[in-house]
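Reproduced below: query_12.cif, with mmCIF, N, CA and C atoms.
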data_work
#
loop_
_atom_site.group_PDB
_atom_site.id
_atom_site.type_symbol
_atom_site.label_atom_id
_atom_site.label_comp_id
_atom_site.auth_asym_id
_atom_site.auth_seq_id
_atom_site.Cartn_x
_atom_site.Cartn_y
_atom_site.Cartn_z
ATOM 1 N N MET A 1 -3.351 63.277 -22.291
ATOM 2 C CA MET A 1 -2.081 62.713 -22.690
ATOM 3 C C MET A 1 -2.328 61.857 -23.922
ATOM 4 N N THR A 2 -1.458 62.019 -24.921
ATOM 5 C CA THR A 2 -1.608 61.231 -26.145
ATOM 6 C C THR A 2 -0.248 60.704 -26.579
ATOM 7 N N ALA A 3 -0.286 59.698 -27.415
ATOM 8 C CA ALA A 3 0.914 59.152 -28.046
ATOM 9 C C ALA A 3 0.489 58.532 -29.365
ATOM 10 N N HIS A 4 1.361 58.638 -30.364
ATOM 11 C CA HIS A 4 1.053 58.081 -31.677
ATOM 12 C C HIS A 4 1.527 56.636 -31.730
ATOM 13 N N TRP A 5 0.606 55.741 -32.006
ATOM 14 C CA TRP A 5 0.931 54.333 -32.152
ATOM 15 C C TRP A 5 0.647 53.946 -33.595
ATOM 16 N N GLY A 6 1.398 54.471 -34.528
ATOM 17 C CA GLY A 6 1.169 54.228 -35.943
ATOM 18 C C GLY A 6 1.240 52.755 -36.306
ATOM 19 N N VAL A 7 0.277 52.328 -37.042
ATOM 20 C CA VAL A 7 0.265 50.977 -37.609
ATOM 21 C C VAL A 7 -0.169 51.092 -39.067
ATOM 22 N N PRO A 8 0.225 50.136 -39.883
ATOM 23 C CA PRO A 8 -0.200 50.170 -41.276
ATOM 24 C C PRO A 8 -1.725 50.119 -41.377
ATOM 25 N N ASP A 9 -2.266 50.853 -42.332
ATOM 26 C CA ASP A 9 -3.713 50.833 -42.555
ATOM 27 C C ASP A 9 -4.038 49.635 -43.431
ATOM 28 N N PRO A 10 -4.700 48.623 -42.879
ATOM 29 C CA PRO A 10 -4.962 47.413 -43.662
ATOM 30 C C PRO A 10 -5.911 47.656 -44.833
ATOM 31 N N VAL A 11 -6.655 48.735 -44.806
ATOM 32 C CA VAL A 11 -7.554 49.050 -45.915
ATOM 33 C C VAL A 11 -6.745 49.325 -47.187
ATOM 34 N N GLU A 12 -5.508 49.770 -47.030
ATOM 35 C CA GLU A 12 -4.668 50.074 -48.180
ATOM 36 C C GLU A 12 -3.938 48.845 -48.731
ATOM 37 N N ALA A 13 -4.114 47.693 -48.101
ATOM 38 C CA ALA A 13 -3.436 46.473 -48.545
ATOM 39 C C ALA A 13 -3.936 46.066 -49.925
ATOM 40 N N LYS A 14 -3.021 45.563 -50.724
ATOM 41 C CA LYS A 14 -3.342 45.075 -52.060
ATOM 42 C C LYS A 14 -2.973 43.604 -52.125
ATOM 43 N N GLY A 15 -3.586 42.908 -53.054
ATOM 44 C CA GLY A 15 -3.237 41.508 -53.256
ATOM 45 C C GLY A 15 -4.453 40.624 -53.217
ATOM 46 N N SER A 16 -4.187 39.366 -52.990
ATOM 47 C CA SER A 16 -5.250 38.364 -52.933
ATOM 48 C C SER A 16 -6.081 38.568 -51.669
ATOM 49 N N PRO A 17 -7.255 37.961 -51.620
ATOM 50 C CA PRO A 17 -8.047 38.044 -50.386
ATOM 51 C C PRO A 17 -7.273 37.544 -49.156
ATOM 52 N N ALA A 18 -6.445 36.524 -49.340
ATOM 53 C CA ALA A 18 -5.661 36.003 -48.216
ATOM 54 C C ALA A 18 -4.617 37.023 -47.756
ATOM 55 N N GLU A 19 -3.977 37.716 -48.703
ATOM 56 C CA GLU A 19 -2.983 38.732 -48.348
ATOM 57 C C GLU A 19 -3.636 39.923 -47.652
ATOM 58 N N ILE A 20 -4.810 40.298 -48.100
ATOM 59 C CA ILE A 20 -5.532 41.402 -47.463
ATOM 60 C C ILE A 20 -5.962 41.003 -46.057
ATOM 61 N N ALA A 21 -6.461 39.773 -45.912
ATOM 62 C CA ALA A 21 -6.849 39.281 -44.585
ATOM 63 C C ALA A 21 -5.646 39.274 -43.647
ATOM 64 N N LEU A 22 -4.479 38.907 -44.172
ATOM 65 C CA LEU A 22 -3.262 38.894 -43.359
ATOM 66 C C LEU A 22 -2.902 40.309 -42.904
ATOM 67 N N ALA A 23 -3.103 41.296 -43.765
ATOM 68 C CA ALA A 23 -2.831 42.687 -43.385
ATOM 69 C C ALA A 23 -3.718 43.096 -42.211
ATOM 70 N N PHE A 24 -4.987 42.712 -42.245
ATOM 71 C CA PHE A 24 -5.895 43.028 -41.132
ATOM 72 C C PHE A 24 -5.471 42.295 -39.862
ATOM 73 N N LYS A 25 -5.081 41.029 -39.997
ATOM 74 C CA LYS A 25 -4.644 40.261 -38.825
ATOM 75 C C LYS A 25 -3.376 40.856 -38.220
ATOM 76 N N ASP A 26 -2.446 41.291 -39.082
ATOM 77 C CA ASP A 26 -1.207 41.896 -38.579
ATOM 78 C C ASP A 26 -1.494 43.186 -37.817
ATOM 79 N N THR A 27 -2.367 44.019 -38.362
ATOM 80 C CA THR A 27 -2.718 45.270 -37.691
ATOM 81 C C THR A 27 -3.394 44.984 -36.355
ATOM 82 N N TYR A 28 -4.300 44.032 -36.344
ATOM 83 C CA TYR A 28 -4.970 43.652 -35.101
ATOM 84 C C TYR A 28 -3.948 43.168 -34.073
ATOM 85 N N ARG A 29 -3.000 42.335 -34.520
ATOM 86 C CA ARG A 29 -1.986 41.792 -33.614
ATOM 87 C C ARG A 29 -1.138 42.911 -33.024
ATOM 88 N N MET A 30 -0.718 43.867 -33.871
ATOM 89 C CA MET A 30 0.104 44.975 -33.381
ATOM 90 C C MET A 30 -0.650 45.799 -32.342
ATOM 91 N N LEU A 31 -1.900 46.133 -32.643
ATOM 92 C CA LEU A 31 -2.683 46.936 -31.689
ATOM 93 C C LEU A 31 -2.957 46.156 -30.408
ATOM 94 N N SER A 32 -3.288 44.897 -30.544
ATOM 95 C CA SER A 32 -3.557 44.060 -29.374
ATOM 96 C C SER A 32 -2.330 43.978 -28.475
ATOM 97 N N GLN A 33 -1.152 43.817 -29.071
ATOM 98 C CA GLN A 33 0.091 43.744 -28.297
ATOM 99 C C GLN A 33 0.340 45.057 -27.566
ATOM 100 N N ARG A 34 0.147 46.182 -28.238
ATOM 101 C CA ARG A 34 0.381 47.476 -27.609
ATOM 102 C C ARG A 34 -0.601 47.736 -26.467
ATOM 103 N N ILE A 35 -1.844 47.368 -26.679
ATOM 104 C CA ILE A 35 -2.857 47.549 -25.633
ATOM 105 C C ILE A 35 -2.526 46.688 -24.424
ATOM 106 N N ALA A 36 -2.066 45.461 -24.665
ATOM 107 C CA ALA A 36 -1.692 44.581 -23.546
ATOM 108 C C ALA A 36 -0.524 45.166 -22.751
ATOM 109 N N VAL A 37 0.472 45.705 -23.448
ATOM 110 C CA VAL A 37 1.613 46.322 -22.766
ATOM 111 C C VAL A 37 1.135 47.543 -21.972
ATOM 112 N N PHE A 38 0.270 48.352 -22.584
ATOM 113 C CA PHE A 38 -0.272 49.525 -21.884
ATOM 114 C C PHE A 38 -1.051 49.111 -20.637
ATOM 115 N N ALA A 39 -1.903 48.100 -20.773
ATOM 116 C CA ALA A 39 -2.722 47.661 -19.646
ATOM 117 C C ALA A 39 -1.876 47.108 -18.496
ATOM 118 N N ALA A 40 -0.684 46.627 -18.802
ATOM 119 C CA ALA A 40 0.191 46.066 -17.778
ATOM 120 C C ALA A 40 1.060 47.124 -17.080
ATOM 121 N N LEU A 41 1.009 48.367 -17.559
ATOM 122 C CA LEU A 41 1.819 49.415 -16.932
ATOM 123 C C LEU A 41 1.341 49.691 -15.502
ATOM 124 N N PRO A 42 2.278 49.945 -14.605
ATOM 125 C CA PRO A 42 1.907 50.308 -13.229
ATOM 126 C C PRO A 42 1.522 51.797 -13.182
ATOM 127 N N ILE A 43 0.401 52.134 -13.784
ATOM 128 C CA ILE A 43 0.002 53.527 -13.997
ATOM 129 C C ILE A 43 -0.016 54.324 -12.692
ATOM 130 N N ARG A 44 -0.504 53.744 -11.625
ATOM 131 C CA ARG A 44 -0.592 54.482 -10.351
ATOM 132 C C ARG A 44 0.766 54.867 -9.795
ATOM 133 N N SER A 45 1.809 54.118 -10.170
ATOM 134 C CA SER A 45 3.133 54.430 -9.627
ATOM 135 C C SER A 45 3.994 55.243 -10.603
ATOM 136 N N LEU A 46 3.453 55.624 -11.746
ATOM 137 C CA LEU A 46 4.199 56.415 -12.724
ATOM 138 C C LEU A 46 3.776 57.878 -12.663
ATOM 139 N N ASP A 47 4.767 58.776 -12.673
ATOM 140 C CA ASP A 47 4.411 60.187 -12.768
ATOM 141 C C ASP A 47 4.032 60.485 -14.222
ATOM 142 N N ARG A 48 3.531 61.663 -14.462
ATOM 143 C CA ARG A 48 3.023 62.026 -15.790
ATOM 144 C C ARG A 48 4.094 61.894 -16.884
ATOM 145 N N LEU A 49 5.304 62.382 -16.615
ATOM 146 C CA LEU A 49 6.374 62.319 -17.600
ATOM 147 C C LEU A 49 6.781 60.874 -17.887
ATOM 148 N N SER A 50 6.875 60.063 -16.853
ATOM 149 C CA SER A 50 7.227 58.650 -17.034
ATOM 150 C C SER A 50 6.161 57.917 -17.837
ATOM 151 N N LEU A 51 4.909 58.206 -17.550
ATOM 152 C CA LEU A 51 3.819 57.576 -18.287
ATOM 153 C C LEU A 51 3.866 57.989 -19.755
ATOM 154 N N GLN A 52 4.092 59.282 -20.023
ATOM 155 C CA GLN A 52 4.173 59.752 -21.409
ATOM 156 C C GLN A 52 5.323 59.051 -22.143
ATOM 157 N N THR A 53 6.445 58.913 -21.466
ATOM 158 C CA THR A 53 7.596 58.233 -22.062
ATOM 159 C C THR A 53 7.262 56.790 -22.393
ATOM 160 N N ARG A 54 6.609 56.106 -21.468
ATOM 161 C CA ARG A 54 6.238 54.701 -21.707
ATOM 162 C C ARG A 54 5.256 54.577 -22.859
ATOM 163 N N LEU A 55 4.299 55.497 -22.962
ATOM 164 C CA LEU A 55 3.347 55.469 -24.075
ATOM 165 C C LEU A 55 4.067 55.641 -25.412
ATOM 166 N N GLU A 56 5.031 56.551 -25.454
ATOM 167 C CA GLU A 56 5.796 56.765 -26.682
ATOM 168 C C GLU A 56 6.642 55.542 -27.023
ATOM 169 N N GLU A 57 7.197 54.884 -26.011
ATOM 170 C CA GLU A 57 7.973 53.659 -26.240
ATOM 171 C C GLU A 57 7.092 52.563 -26.832
ATOM 172 N N ILE A 58 5.867 52.453 -26.348
ATOM 173 C CA ILE A 58 4.943 51.461 -26.889
ATOM 174 C C ILE A 58 4.718 51.730 -28.379
ATOM 175 N N GLY A 59 4.603 52.992 -28.744
ATOM 176 C CA GLY A 59 4.405 53.345 -30.145
ATOM 177 C C GLY A 59 5.591 53.012 -31.028
ATOM 178 N N ARG A 60 6.776 52.883 -30.420
ATOM 179 C CA ARG A 60 7.978 52.548 -31.195
ATOM 180 C C ARG A 60 8.275 51.054 -31.186
ATOM 181 N N MET A 61 7.388 50.259 -30.630
ATOM 182 C CA MET A 61 7.611 48.820 -30.603
ATOM 183 C C MET A 61 7.775 48.289 -32.020
ATOM 184 N N ARG A 62 8.490 47.214 -32.154
ATOM 185 C CA ARG A 62 8.741 46.601 -33.465
ATOM 186 C C ARG A 62 7.438 46.474 -34.246
ATOM 187 N N GLY A 63 7.489 46.884 -35.504
ATOM 188 C CA GLY A 63 6.319 46.797 -36.354
ATOM 189 C C GLY A 63 5.375 47.965 -36.224
ATOM 190 N N ALA A 64 5.725 48.945 -35.391
ATOM 191 C CA ALA A 64 4.814 50.048 -35.132
ATOM 192 C C ALA A 64 4.495 50.864 -36.360
ATOM 193 N N THR A 65 5.472 51.080 -37.222
ATOM 194 C CA THR A 65 5.220 51.919 -38.387
ATOM 195 C C THR A 65 5.599 51.233 -39.691
ATOM 196 N N ASP A 66 5.813 49.932 -39.649
ATOM 197 C CA ASP A 66 6.117 49.214 -40.883
ATOM 198 C C ASP A 66 4.932 49.289 -41.821
ATOM 199 N N LYS A 67 5.207 49.435 -43.080
ATOM 200 C CA LYS A 67 4.145 49.460 -44.095
ATOM 201 C C LYS A 67 3.744 48.030 -44.408
ATOM 202 N N VAL A 68 2.499 47.852 -44.814
ATOM 203 C CA VAL A 68 2.035 46.553 -45.272
ATOM 204 C C VAL A 68 2.773 46.267 -46.570
ATOM 205 N N ALA A 69 3.383 45.104 -46.656
ATOM 206 C CA ALA A 69 4.134 44.754 -47.857
ATOM 207 C C ALA A 69 3.184 44.534 -49.024
ATOM 208 N N GLU A 70 3.507 45.137 -50.104
ATOM 209 C CA GLU A 70 2.708 44.938 -51.318
ATOM 210 C C GLU A 70 3.189 43.675 -52.001
ATOM 211 N N PRO A 71 2.269 42.890 -52.564
ATOM 212 C CA PRO A 71 2.677 41.658 -53.234
ATOM 213 C C PRO A 71 3.536 41.970 -54.462
ATOM 214 N N SER A 72 4.475 41.078 -54.751
ATOM 215 C CA SER A 72 5.341 41.301 -55.916
ATOM 216 C C SER A 72 4.722 40.793 -57.187
#
This entry written out as structure tokens:
Amino acid sequence: MTAHWGVPDPVEAKGSPAEIALAFKDTYRMLSQRIAVFAALPIRSLDRLSLQTRLEEIGRMRGATDKVAEPS
């Protein structure tokens, strides 16, 4: 079973060292939040379809596919 949890690639971030560091921190935060939500799922009580649906919902969480903002 798979699900796409797209997050911005912090390696593509441009800007000052602080802005690049922030891109890495944001990506880490997004992944950490999704993993925490996944770990809290009642996996044993979910059928396969329900679990797949929940995994896809996690991937659509706020910030899931937002691009790293480029500095102006």
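Proximity ranking of A:Val11, A:Ala36, A:Met61, A:Leu46 relative to Phe24 of chain A places A:Val11 first, based on all atoms listed in the file.
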note = Atom pair atom CA of Gly6 of chain A + atom CA of Leu31 of chain A, distance 9.3 Å
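Neighbours of Thr53 of chain A closer than or equal to 12 Å, with only C-alpha atoms counted and sequence neighbours fewer than 2 positions away skipped, come out as Met1, Thr2, Ala3, His4, Phe38, Leu41, Leu46, Asp47, Arg48, Leu49, Ser50, Leu51, Leu55, Glu56, Glu57, Ile58, Gly59 and Arg60 of chain A.
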query = Of the candidates A:Ala21, A:Ser32, A:Ala13, A:Trp5, which shows the shortest atom-to-atom distance to Arg54 of chain A, using only C-alpha atoms?
reply =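 So, comparing all the options, the nearest one is A:Trp5.
Using all atoms listed in the file, the smallest distance between any of A:Ala23, A:Ala40, A:Met30, A:Ile35 and Asp9 of chain A comes from A:Ala23.
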ask   = Between atom C of Val37 of chain A and atom CA of Leu22 of chain A, what is the spacing in Å?
value =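 Separating atom CA of Leu22 of chain A from atom C of Val37 of chain A is a distance of 23.5 Å.
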message = Could you tell me how far atom C of Arg44 of chain A sits from atom CA of Tyr28 of chain A, in Å to one decimal place?
response =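 Answer for the atom CA of Tyr28 of chain A to atom C of Arg44 of chain A separation: 28.3 Å.
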task = Identify, with DSSP run on backbone atoms, the residues in chain A assigned to alpha helix (DSSP H), and express the list as a count of residues only.
result = 35
